[in-house]
Amino acid sequence: MKSTYMMTAVASVLVAGSLPTAAAAEDLTLCWAAWDPANALVELSKDFEAQSGHKMSFEFVPWTSFADRMLNELNSGGQLCDLMIGDSQWIGGGAENGHYVKLNDFFDANGIDMADFIPATVTGYAEWPKNTPNYYALPAFGDVVGWTYRKDWFDRPEIREAFKAKYGRELGVPATLEELKDIAQFFQGREIDGTTVYGAAIYTERGSEGITMGVTNVLYNYGFQYENPDKPYDLEGFVNSAGAVSGLEFYKDLYETAVPPGSSNWYMSENIDAYKSGQVALQMNFAFIWPGVEADPNVGNGKSGYFPNPAGPAGQFAQLGGQGISVVSYSKKQDAALEYIKWFAQPEIQARWWELGGYSALRAVVEDPGFADSQPYAQTFLDSMAIVKDFWAEPAYADLLLSMQERVHNFVVAGDGTAQEALDGLVKDWTEVFEDEGKL
């Protein structure tokens, strides 16, 4: 049941007064990834067009080529994009290379306060340097890696009895990564309704960012740290700690014992397909998929459940996803683009964004008393956003990511070397990147 606030906020969008109109209507282009939330943003933006007189165009690129396409656009000073919903890891490069307009003065002039947004999204999507009040984006889409499970399978008496007989505990939402692995291994190769099913769909993709976005959900919880907390860019003993090695070994074991055959290069879409087609009991994926799961005739309508990434020996964390929206510095239509930012930041627009399937980062939306009950996955989203960590957001992020993709995939999927060798190699690679950047 939705709260009075949520319903009122949505209704107010429909009767909202117009925004101040620029002297001349502009045709703005917003660039983002091609995925379900982008379709929701197109619908949401019709309100902006009606209020402002500007016309919105969109350039959406599949995730697998999104970074290459859009980072090339930025690095070349291209004028295709007036607004960019860039990945969280791009914020350092966007700021230091002058790709994004600094928004502090605009925020101050228009009463936009970053304290009104979920703190993790401000740090992750908007700030550079991190933990300083220098803003180059408005938090646009909160996202985090979580888990989806076949609640209808978990509820079957014969499956529950078999699980309890094997593990001595009830089958339910796992509290730890070890419990998750037990569940995934229990379902691996099991026959359900005459079909052989498998344990879990996890991220293994090598070409863009997939396996990194997956393995970090285990590494963080086993003690991996990007650097010495007391000495920036000091990596030895933190990236390749004993705990981090154990975490990487865990992920490899999960891959070898509890995933569908042929899943050596899977990311978001492959995991969605495997889950919706009934191949797996568990799915690792970003929260953006949950509205689609709920709407699916095969796995929605109460057949699925959701839970945050479980704890490990060193704590409970989850990989941050999501993006901020920035004004591109090469745009000739910056005033109109800033109008869009101001419109998007309004609480009633943010409430409508959530209703359409977007993930608002505005505290007025997510802290509303009715939010947790507004969707079956809403509480899991809140719990997950409270435990996030993110990958490097350095200007050299792409080089750092490339090294991790290669080192981790070679060990987990290809079986090359040991976990210790993989992480030692990663320390070497990253140290060279930071030396080249003059950080060491």
# chains A, B, ... in the order shown; residues from 1 in each chain; ligands from 1
call {"tool": "closest_atom_pairs", "arguments": {"of": "stretch 257-305 of chain A", "to": "stretch 59-66 of chain A", "cutoff": "10 Å", "atoms": "only C-alpha atoms", "output": "CSV"}}
result
residue,atom,partner,partner_atom,distance
A:Tyr267,CA,A:Thr64,CA,9.2
A:Met268,CA,A:Trp63,CA,9.0
A:Ser269,CA,A:Trp63,CA,9.6
call {"tool": "write_last_selection", "arguments": {"atoms": "N, CA and C atoms", "output": "PDB file, in the first residue's frame"}}
result
ATOM      1  N   TYR A 267      26.686 -11.548 -17.912  1.00  0.00           N
ATOM      2  CA  TYR A 267      26.519 -10.310 -17.150  1.00  0.00           C
ATOM      3  C   TYR A 267      25.024 -10.094 -16.942  1.00  0.00           C
ATOM      4  N   MET A 268      24.571  -8.884 -16.933  1.00  0.00           N
ATOM      5  CA  MET A 268      23.211  -8.574 -16.504  1.00  0.00           C
ATOM      6  C   MET A 268      22.149  -9.289 -17.324  1.00  0.00           C
ATOM      7  N   SER A 269      22.201  -9.158 -18.640  1.00  0.00           N
ATOM      8  CA  SER A 269      21.127  -9.701 -19.471  1.00  0.00           C
ATOM      9  C   SER A 269      21.103 -11.219 -19.452  1.00  0.00           C
TER      10      SER A 269
END
call {"tool": "residues_around", "arguments": {"residues": "A:Glu227", "least_positions_apart": "5", "cutoff": "9 Å", "atoms": "only C-alpha atoms", "output": "ChimeraX atom specification"}}
result
/A:232-239
call {"tool": "select_by_dssp", "arguments": {"residues": "stretch 293-386 of chain A", "states": "helix (DSSP H, G or I)", "output": "number ranges by chain"}}
result
A: 293-295, 334-344, 347-356, 363-366, 378-385
call {"tool": "residues_around", "arguments": {"residues": "stretch 127-139 of chain A", "least_positions_apart": "5", "cutoff": "6 Å", "atoms": "only C-alpha atoms", "output": "PyMOL selection string"}}
result
chain A and resi 92+102-104+121+324-326
call {"tool": "select_by_dssp", "arguments": {"residues": "stretch 321-397 of chain A", "states": "strand (DSSP E)", "output": "ChimeraX atom specification"}}
result
/A:321-327,388-389
call {"tool": "residues_around", "arguments": {"residues": "stretch 182-188 of chain A", "least_positions_apart": "4", "cutoff": "9 Å", "atoms": "only C-alpha atoms", "output": "number ranges by chain"}}
result
A: 163, 166-167, 171-172, 174, 177-178, 196-200, 254, 257-260, 280-282
call {"tool": "residues_around", "arguments": {"residues": "stretch 216-225 of chain A", "least_positions_apart": "4", "cutoff": "9 Å", "atoms": "only C-alpha atoms", "output": "MDAnalysis selection string"}}
result
chainID A and resid 145 177 211:212 229 235 237:248 250:251 309:319 389:391
call {"tool": "write_last_selection", "arguments": {"atoms": "N, CA, C and O atoms", "output": "compact mmCIF listing (two decimals), in the first residue's frame"}}
result
# COMPACT_ATOMS: atom_id res chain seq x y z
N VAL A 145 24.21 -4.11 -6.34
CA VAL A 145 24.08 -5.54 -6.59
C VAL A 145 23.36 -6.20 -5.42
O VAL A 145 23.71 -5.99 -4.25
N LEU A 177 27.52 -15.53 3.06
CA LEU A 177 27.90 -16.03 1.75
C LEU A 177 28.06 -17.55 1.77
O LEU A 177 27.75 -18.22 0.77
N ILE A 211 32.68 -9.28 -14.51
CA ILE A 211 33.20 -10.13 -13.43
C ILE A 211 33.71 -9.28 -12.27
O ILE A 211 33.63 -9.70 -11.11
N THR A 212 34.18 -8.09 -12.55
CA THR A 212 34.60 -7.19 -11.46
C THR A 212 33.40 -6.79 -10.60
O THR A 212 33.47 -6.80 -9.37
N PRO A 229 43.85 2.54 4.21
CA PRO A 229 43.01 3.68 4.61
C PRO A 229 43.81 4.88 5.09
O PRO A 229 43.31 6.01 5.05
N LEU A 235 48.83 -0.19 -1.91
CA LEU A 235 47.99 -1.34 -2.25
C LEU A 235 48.43 -2.65 -1.60
O LEU A 235 47.59 -3.50 -1.30
N GLY A 237 49.16 -5.70 0.52
CA GLY A 237 48.58 -6.16 1.77
C GLY A 237 47.13 -5.78 1.98
O GLY A 237 46.53 -6.19 2.98
N PHE A 238 46.58 -5.03 1.05
CA PHE A 238 45.17 -4.62 1.13
C PHE A 238 44.38 -5.22 -0.03
O PHE A 238 43.37 -5.89 0.17
N VAL A 239 44.86 -5.00 -1.26
CA VAL A 239 44.26 -5.63 -2.43
C VAL A 239 44.49 -7.14 -2.40
O VAL A 239 43.62 -7.92 -2.80
N ASN A 240 45.65 -7.55 -1.92
CA ASN A 240 46.04 -8.96 -1.95
C ASN A 240 46.20 -9.55 -0.55
O ASN A 240 47.06 -10.39 -0.31
N SER A 241 45.37 -9.11 0.37
CA SER A 241 45.41 -9.64 1.74
C SER A 241 44.99 -11.10 1.76
O SER A 241 44.40 -11.62 0.80
N ALA A 242 45.25 -11.76 2.87
CA ALA A 242 44.85 -13.16 3.02
C ALA A 242 43.34 -13.31 2.88
O ALA A 242 42.84 -14.27 2.28
N GLY A 243 42.59 -12.36 3.45
CA GLY A 243 41.15 -12.41 3.32
C GLY A 243 40.69 -12.25 1.88
O GLY A 243 39.78 -12.96 1.42
N ALA A 244 41.31 -11.32 1.15
CA ALA A 244 40.96 -11.12 -0.24
C ALA A 244 41.22 -12.38 -1.06
O ALA A 244 40.42 -12.74 -1.94
N VAL A 245 42.32 -13.05 -0.78
CA VAL A 245 42.64 -14.30 -1.47
C VAL A 245 41.55 -15.34 -1.20
O VAL A 245 41.07 -16.02 -2.11
N SER A 246 41.13 -15.45 0.05
CA SER A 246 40.06 -16.40 0.39
C SER A 246 38.76 -16.05 -0.33
O SER A 246 38.02 -16.94 -0.78
N GLY A 247 38.48 -14.77 -0.45
CA GLY A 247 37.27 -14.34 -1.14
C GLY A 247 37.30 -14.69 -2.61
O GLY A 247 36.29 -15.14 -3.19
N LEU A 248 38.45 -14.50 -3.25
CA LEU A 248 38.56 -14.84 -4.66
C LEU A 248 38.44 -16.35 -4.86
O LEU A 248 37.81 -16.82 -5.82
N PHE A 250 36.66 -18.29 -2.96
CA PHE A 250 35.24 -18.56 -2.77
C PHE A 250 34.48 -18.36 -4.07
O PHE A 250 33.64 -19.18 -4.46
N TYR A 251 34.74 -17.24 -4.75
CA TYR A 251 34.01 -16.94 -5.98
C TYR A 251 34.29 -18.00 -7.05
O TYR A 251 33.38 -18.41 -7.78
N ASN A 309 23.12 -8.51 -0.56
CA ASN A 309 24.30 -9.35 -0.61
C ASN A 309 24.67 -9.81 0.80
O ASN A 309 24.81 -8.98 1.70
N PRO A 310 24.81 -11.12 1.05
CA PRO A 310 25.04 -11.61 2.41
C PRO A 310 26.43 -11.26 2.95
O PRO A 310 27.35 -10.93 2.21
N ALA A 311 26.55 -11.38 4.25
CA ALA A 311 27.80 -11.06 4.94
C ALA A 311 28.85 -12.13 4.71
O ALA A 311 28.56 -13.29 4.42
N GLY A 312 30.10 -11.71 4.87
CA GLY A 312 31.24 -12.62 4.88
C GLY A 312 31.99 -12.47 6.18
O GLY A 312 31.55 -11.76 7.09
N PRO A 313 33.15 -13.10 6.30
CA PRO A 313 33.90 -13.05 7.56
C PRO A 313 34.34 -11.64 7.97
O PRO A 313 34.56 -11.39 9.15
N ALA A 314 34.46 -10.72 7.01
CA ALA A 314 34.96 -9.37 7.32
C ALA A 314 33.88 -8.30 7.28
O ALA A 314 34.18 -7.11 7.34
N GLY A 315 32.62 -8.70 7.17
CA GLY A 315 31.55 -7.71 7.16
C GLY A 315 30.56 -7.94 6.04
O GLY A 315 30.63 -8.94 5.31
N GLN A 316 29.63 -7.01 5.89
CA GLN A 316 28.60 -7.11 4.87
C GLN A 316 28.60 -5.85 4.02
O GLN A 316 28.31 -4.75 4.49
N PHE A 317 28.94 -6.03 2.75
CA PHE A 317 29.00 -4.94 1.79
C PHE A 317 28.42 -5.41 0.47
O PHE A 317 28.27 -6.61 0.23
N ALA A 318 28.12 -4.46 -0.39
CA ALA A 318 27.60 -4.77 -1.72
C ALA A 318 28.16 -3.77 -2.72
O ALA A 318 28.43 -2.62 -2.37
N GLN A 319 28.34 -4.23 -3.95
CA GLN A 319 28.90 -3.38 -4.99
C GLN A 319 27.89 -2.32 -5.43
O GLN A 319 26.78 -2.63 -5.84
N LYS A 389 29.84 -0.31 -1.38
CA LYS A 389 31.20 0.14 -1.69
C LYS A 389 31.28 0.24 -3.21
O LYS A 389 30.53 -0.41 -3.93
N ASP A 390 32.25 1.03 -3.68
CA ASP A 390 32.36 1.21 -5.13
C ASP A 390 33.79 0.96 -5.60
O ASP A 390 34.74 1.04 -4.82
N PHE A 391 33.90 0.68 -6.87
CA PHE A 391 35.18 0.53 -7.56
C PHE A 391 35.87 1.90 -7.61
O PHE A 391 35.27 2.93 -7.32
call {"tool": "closest_residue", "arguments": {"among": "A:Lys181, A:Arg69, A:Arg190, A:Lys342", "to": "A:Gln279", "atoms": "only C-alpha atoms"}}
result
A:Arg190
call {"tool": "residues_around", "arguments": {"residues": "stretch 29-37 of chain A", "least_positions_apart": "4", "cutoff": "10 Å", "atoms": "only C-alpha atoms", "output": "PyMOL selection string"}}
result
chain A and resi 41-43+55-67+70+79-87+141+269+288-289+291-292+323+325-328+331+333+337+340+353+356-359
call {"tool": "atom_distance", "arguments": {"atom1": "atom CA of A:Met213", "atom2": "atom CA of A:Leu423"}}
result
15.8 Å
call {"tool": "closest_residue", "arguments": {"among": "A:Trp290, A:Val413, A:Phe344, A:Thr431", "to": "A:Ile202", "atoms": "only C-alpha atoms"}}
result
A:Val413
call {"tool": "residues_around", "arguments": {"residues": "A:Glu96", "least_positions_apart": "2", "cutoff": "10 Å", "atoms": "only C-alpha atoms", "output": "VMD selection string"}}
result
chain A and resid 91 to 94 98 to 100 128 to 129 394 to 395
call {"tool": "write_last_selection", "arguments": {"atoms": "N, CA, C and O atoms", "output": "PDB file, in the first residue's frame"}}
result
ATOM      1  N   ILE A  91      33.240   9.692 -12.552  1.00  0.00           N
ATOM      2  CA  ILE A  91      33.147  11.030 -11.991  1.00  0.00           C
ATOM      3  C   ILE A  91      34.512  11.695 -11.864  1.00  0.00           C
ATOM      4  O   ILE A  91      34.659  12.899 -12.082  1.00  0.00           O
ATOM      5  N   GLY A  92      35.546  10.911 -11.528  1.00  0.00           N
ATOM      6  CA  GLY A  92      36.883  11.486 -11.405  1.00  0.00           C
ATOM      7  C   GLY A  92      37.396  12.021 -12.728  1.00  0.00           C
ATOM      8  O   GLY A  92      37.887  13.155 -12.810  1.00  0.00           O
ATOM      9  N   GLY A  93      37.268  11.208 -13.759  1.00  0.00           N
ATOM     10  CA  GLY A  93      37.698  11.644 -15.079  1.00  0.00           C
ATOM     11  C   GLY A  93      36.851  12.786 -15.605  1.00  0.00           C
ATOM     12  O   GLY A  93      37.363  13.724 -16.238  1.00  0.00           O
ATOM     13  N   GLY A  94      35.554  12.730 -15.344  1.00  0.00           N
ATOM     14  CA  GLY A  94      34.667  13.795 -15.797  1.00  0.00           C
ATOM     15  C   GLY A  94      35.033  15.133 -15.187  1.00  0.00           C
ATOM     16  O   GLY A  94      34.958  16.175 -15.841  1.00  0.00           O
ATOM     17  N   GLY A  98      37.681  17.923 -17.248  1.00  0.00           N
ATOM     18  CA  GLY A  98      36.841  19.025 -17.696  1.00  0.00           C
ATOM     19  C   GLY A  98      35.656  18.628 -18.542  1.00  0.00           C
ATOM     20  O   GLY A  98      35.086  19.468 -19.250  1.00  0.00           O
ATOM     21  N   HIS A  99      35.236  17.359 -18.468  1.00  0.00           N
ATOM     22  CA  HIS A  99      34.100  16.907 -19.271  1.00  0.00           C
ATOM     23  C   HIS A  99      32.761  17.365 -18.698  1.00  0.00           C
ATOM     24  O   HIS A  99      31.806  17.579 -19.443  1.00  0.00           O
ATOM     25  N   TYR A 100      32.680  17.456 -17.368  1.00  0.00           N
ATOM     26  CA  TYR A 100      31.428  17.785 -16.702  1.00  0.00           C
ATOM     27  C   TYR A 100      31.481  19.203 -16.124  1.00  0.00           C
ATOM     28  O   TYR A 100      32.525  19.655 -15.633  1.00  0.00           O
ATOM     29  N   TRP A 128      33.809  14.822  -6.456  1.00  0.00           N
ATOM     30  CA  TRP A 128      35.215  14.614  -6.788  1.00  0.00           C
ATOM     31  C   TRP A 128      36.021  15.834  -6.345  1.00  0.00           C
ATOM     32  O   TRP A 128      35.654  16.943  -6.700  1.00  0.00           O
ATOM     33  N   PRO A 129      37.089  15.633  -5.593  1.00  0.00           N
ATOM     34  CA  PRO A 129      37.525  14.370  -4.989  1.00  0.00           C
ATOM     35  C   PRO A 129      36.485  13.827  -4.008  1.00  0.00           C
ATOM     36  O   PRO A 129      35.658  14.583  -3.504  1.00  0.00           O
ATOM     37  N   GLU A 394      38.862   6.902 -10.066  1.00  0.00           N
ATOM     38  CA  GLU A 394      40.005   7.674 -10.543  1.00  0.00           C
ATOM     39  C   GLU A 394      39.868   7.983 -12.040  1.00  0.00           C
ATOM     40  O   GLU A 394      39.218   7.236 -12.783  1.00  0.00           O
ATOM     41  N   PRO A 395      40.500   9.062 -12.514  1.00  0.00           N
ATOM     42  CA  PRO A 395      40.500   9.315 -13.956  1.00  0.00           C
ATOM     43  C   PRO A 395      41.021   8.140 -14.775  1.00  0.00           C
ATOM     44  O   PRO A 395      40.599   7.950 -15.914  1.00  0.00           O
TER      45      PRO A 395
END
call {"tool": "closest_residue", "arguments": {"among": "A:Leu382, A:Glu158, A:Phe371, A:Asn97", "to": "A:Leu71", "atoms": "only C-alpha atoms"}}
result
A:Asn97
